[in-house]
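File shown: input.tsv. Contents: TSV, C-alpha atoms.
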```tsv
chain	number	residue	atom	x	y	z
A	1	MET	CA	7.82	17.60	-1.94
A	2	ALA	CA	4.71	18.16	-4.03
A	3	PRO	CA	3.82	15.49	-6.65
A	4	ALA	CA	4.75	17.89	-9.51
A	5	SER	CA	8.27	18.28	-8.12
A	6	TYR	CA	8.75	14.48	-8.12
A	7	GLY	CA	8.29	14.54	-11.89
A	8	ALA	CA	10.79	17.38	-12.25
A	9	ALA	CA	13.27	15.57	-10.01
A	10	LEU	CA	12.89	12.39	-12.09
A	11	ARG	CA	13.48	14.35	-15.34
A	12	VAL	CA	16.67	15.86	-13.88
A	13	LEU	CA	17.84	12.40	-12.74
A	14	ALA	CA	17.11	10.91	-16.18
A	15	ALA	CA	19.02	13.71	-17.93
A	16	THR	CA	21.97	13.27	-15.56
A	17	LEU	CA	22.09	9.52	-16.18
A	18	ALA	CA	21.88	10.06	-19.94
A	19	LEU	CA	24.85	12.44	-19.80
A	20	ALA	CA	26.81	9.98	-17.66
A	21	ALA	CA	26.07	7.15	-20.09
A	22	THR	CA	27.26	9.11	-23.11
A	23	GLY	CA	30.27	10.38	-21.15
A	24	CYS	CA	30.84	13.24	-23.57
A	25	ALA	CA	32.41	10.61	-25.82
A	26	GLY	CA	31.73	12.45	-29.07
A	27	GLU	CA	32.64	10.78	-32.32
A	28	ARG	CA	34.89	7.72	-32.34
A	29	PRO	CA	38.23	8.46	-33.98
A	30	THR	CA	39.44	6.51	-37.00
A	31	LEU	CA	42.27	4.00	-36.56
A	32	PRO	CA	45.62	5.76	-37.17
A	33	SER	CA	48.03	4.05	-39.59
A	34	SER	CA	50.64	3.81	-36.82
A	35	VAL	CA	48.39	1.49	-34.77
A	36	THR	CA	48.29	-2.29	-35.16
A	37	VAL	CA	46.09	-4.85	-33.46
A	38	GLY	CA	47.15	-8.41	-32.65
A	39	SER	CA	49.73	-10.38	-30.74
A	40	GLY	CA	53.47	-9.72	-30.65
A	41	ALA	CA	55.48	-6.67	-29.72
A	42	ALA	CA	55.78	-3.53	-31.80
A	43	THR	CA	58.99	-4.03	-33.80
A	44	ILE	CA	59.58	-0.45	-34.88
A	45	ARG	CA	62.60	1.27	-33.34
A	46	PRO	CA	62.26	4.42	-31.22
A	47	VAL	CA	63.34	7.63	-32.93
A	48	GLU	CA	65.53	10.41	-31.64
A	49	PRO	CA	63.73	13.61	-30.59
A	50	ALA	CA	63.26	16.26	-33.26
A	51	ALA	CA	64.76	19.04	-31.12
A	52	ALA	CA	65.53	19.82	-27.49
A	53	GLY	CA	62.32	20.71	-25.66
A	54	ALA	CA	60.10	19.47	-28.51
A	55	ALA	CA	57.01	17.38	-27.88
A	56	PRO	CA	57.69	13.63	-28.05
A	57	HIS	CA	56.53	11.57	-31.05
A	58	ILE	CA	54.38	8.46	-30.87
A	59	VAL	CA	55.95	6.29	-33.56
A	60	ALA	CA	53.77	3.17	-33.27
A	61	ALA	CA	51.32	1.41	-30.99
A	62	ARG	CA	50.29	-2.25	-30.83
A	63	PHE	CA	47.24	-3.41	-28.91
A	64	SER	CA	46.11	-6.99	-28.29
A	65	SER	CA	42.59	-5.80	-29.16
A	66	LEU	CA	40.60	-2.61	-29.46
A	67	ASP	CA	37.35	-4.43	-28.64
A	68	VAL	CA	38.00	-5.84	-25.17
A	69	ALA	CA	35.42	-8.01	-23.38
A	70	LEU	CA	34.89	-7.79	-19.64
A	71	GLY	CA	37.16	-10.22	-17.80
A	72	GLU	CA	39.75	-10.29	-20.60
A	73	ARG	CA	43.43	-9.40	-20.44
A	74	TRP	CA	44.37	-6.33	-22.52
A	75	THR	CA	48.00	-5.64	-23.46
A	76	GLY	CA	49.91	-3.26	-25.63
A	77	ASP	CA	53.22	-1.70	-26.59
A	78	ILE	CA	53.87	1.92	-27.51
A	79	VAL	CA	57.01	3.09	-29.31
A	80	THR	CA	57.90	6.77	-28.96
A	81	SER	CA	60.79	9.12	-29.53
A	82	THR	CA	63.54	8.53	-26.98
A	83	ASP	CA	62.71	11.73	-25.07
A	84	ALA	CA	59.33	10.42	-23.85
A	85	ILE	CA	59.43	9.69	-20.13
A	86	ALA	CA	55.82	8.52	-19.70
A	87	VAL	CA	52.89	7.17	-21.70
A	88	ASP	CA	49.30	7.20	-20.41
A	89	LEU	CA	46.23	5.56	-21.93
A	90	ARG	CA	43.15	7.59	-21.05
A	91	THR	CA	39.41	7.60	-21.56
A	92	ASN	CA	36.76	9.37	-19.55
A	93	LEU	CA	36.49	6.07	-17.59
A	94	PHE	CA	40.11	5.13	-16.82
A	95	ASP	CA	43.77	6.19	-16.93
A	96	ILE	CA	46.47	3.53	-17.35
A	97	VAL	CA	50.16	4.35	-16.97
A	98	ALA	CA	52.25	2.22	-19.34
A	99	ARG	CA	55.49	0.87	-17.84
A	100	ARG	CA	58.69	2.15	-19.45
A	101	VAL	CA	60.74	-0.89	-20.50
A	102	ALA	CA	63.50	0.95	-22.41
A	103	ARG	CA	64.13	4.39	-23.90
A	104	GLY	CA	61.19	5.01	-26.23
A	105	ARG	CA	59.43	1.72	-25.37
A	106	PHE	CA	56.41	1.32	-23.11
A	107	HIS	CA	54.21	-1.68	-22.21
A	108	PHE	CA	50.93	-2.24	-20.37
A	109	ASP	CA	49.10	-5.39	-19.28
A	110	VAL	CA	45.73	-5.11	-17.51
A	111	ARG	CA	42.63	-7.21	-16.89
A	112	VAL	CA	39.30	-5.53	-17.68
A	113	TYR	CA	37.04	-6.22	-14.71
A	114	ASP	CA	33.26	-6.15	-14.56
A	115	LEU	CA	31.64	-2.78	-15.07
A	116	PRO	CA	28.05	-1.54	-14.90
A	117	ALA	CA	26.19	-2.10	-18.20
A	118	PHE	CA	26.06	1.62	-19.08
A	119	LEU	CA	29.90	1.70	-19.18
A	120	VAL	CA	30.10	-1.17	-21.70
A	121	ARG	CA	30.39	0.90	-24.90
A	122	PRO	CA	32.80	2.60	-27.32
A	123	TYR	CA	35.34	5.17	-26.12
A	124	ALA	CA	37.95	7.46	-27.62
A	125	LEU	CA	41.27	6.20	-26.25
A	126	HIS	CA	43.87	8.94	-25.80
A	127	VAL	CA	47.45	7.63	-25.95
A	128	VAL	CA	49.50	10.44	-24.40
A	129	ALA	CA	53.31	10.58	-24.55
A	130	ARG	CA	54.98	13.09	-22.22
A	131	ALA	CA	58.53	14.46	-22.26
A	132	ALA	CA	60.52	15.71	-19.26
A	133	SER	CA	59.84	19.25	-20.48
A	134	GLY	CA	56.13	18.65	-19.85
A	135	ARG	CA	55.25	18.76	-23.55
A	136	GLU	CA	52.76	16.12	-24.67
A	137	THR	CA	51.60	14.41	-27.85
A	138	THR	CA	48.26	12.62	-28.07
A	139	LEU	CA	47.19	9.85	-30.44
A	140	MET	CA	43.44	9.18	-30.61
A	141	VAL	CA	42.41	5.53	-31.07
A	142	PRO	CA	38.92	3.97	-31.29
A	143	PHE	CA	38.36	1.57	-28.36
A	144	ARG	CA	35.40	-0.43	-27.08
A	145	ILE	CA	34.66	-2.24	-23.86
A	146	ALA	CA	32.42	-5.15	-24.83
A	147	GLY	CA	30.18	-7.36	-22.72
A	148	ARG	CA	31.55	-10.50	-21.13
A	149	ASP	CA	32.27	-13.32	-23.61
A	150	LEU	CA	30.29	-16.20	-22.11
A	151	SER	CA	31.63	-18.72	-24.65
A	152	LYS	CA	35.05	-18.61	-22.92
A	153	GLY	CA	33.63	-20.05	-19.70
```

As structure tokens, what does this structure read like?
Amino acid sequence: MAPASYGAALRVLAATLALAATGCAGERPTLPSSVTVGSGAATIRPVEPAAAGAAPHIVAARFSSLDVALGERWTGDIVTSTDAIAVDLRTNLFDIVARRVARGRFHFDVRVYDLPAFLVRPYALHVVARAASGRETTLMVPFRIAGRDLSKG
């Protein structure tokens, strides 16, 4: 390779890394009124589906935090209409399948492991409820993976 092509190759590599770091994240969504943050389970009851074959409803969601440090445990509960058969939590970095604990109730419990520094940043979290018909409903939630909290030892 000629010396001029090294410069071009480095510019392409830098642009690729910049795109990977931003991850097409776009703007962070605002916190929906149906979302709470803190300990305890979501106490709202699931609702019946609006109509046969309709998309499921996400009634409420409770997260232990929306600013999770590396190494921390992250939990949450999602309450949906009773026709939801699955709930996924997605970003462009991960996809978590929440466990169905009862009709219209889902729970997840994960530990956030170490990640490269360029992945420690804000994300748009997509909470997706899916019905047996294949219809989906998505709730957008602001979420951030933070650096490790060294004060916790």

Once you add 3 Å to each side, what are the centre and edge lengths of the axis-aligned box holding all listed atoms of range 86-99 of chain A? One decimal in Å, as JSON, if you can.
```
{"center_x": 46.2, "center_y": 5.1, "center_z": -19.4, "size_x": 25.3, "size_y": 14.5, "size_z": 11.1}
```

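Residues with any atom within 7 Å of the point (55.5, 14.1, -25.6), counting all atoms listed in the file, are Ala55, Pro56, His57, Ala84, Ala129, Arg130, Ala131, Arg135, Glu136 and Thr137 of chain A.
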
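Note that CA of His107 in chain A and CA of Leu31 in chain A are 19.5 Å apart.
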
Find the residues around Thr30 in chain A up to 12 Å (all atoms listed in the file counted), leave out those fewer than 2 positions away in its own chain, and share them as a VMD selection string. chain A and resid 27 to 28 32 to 35 66 123 to 125 139 to 143

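For the atom pair formed by CA of Ser81 in chain A and CA of Val47 in chain A, the distance is 4.5 Å, given to one decimal.
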
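In this structure, CA of Arg121 in chain A sits 23.6 Å away from CA of Val87 in chain A.
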
Nearest to Ala52 in chain A among A:Thr82, A:Arg105, A:Phe94, A:Glu72, with distances taken over only C-alpha atoms: which residue is it? A:Thr82

Using only C-alpha atoms, what residues lie at most 12 Å away from (31.9, -5.0, -25.4) (file coordinates), given as a VMD selection string? chain A and resid 65 to 72 112 to 123 143 to 150
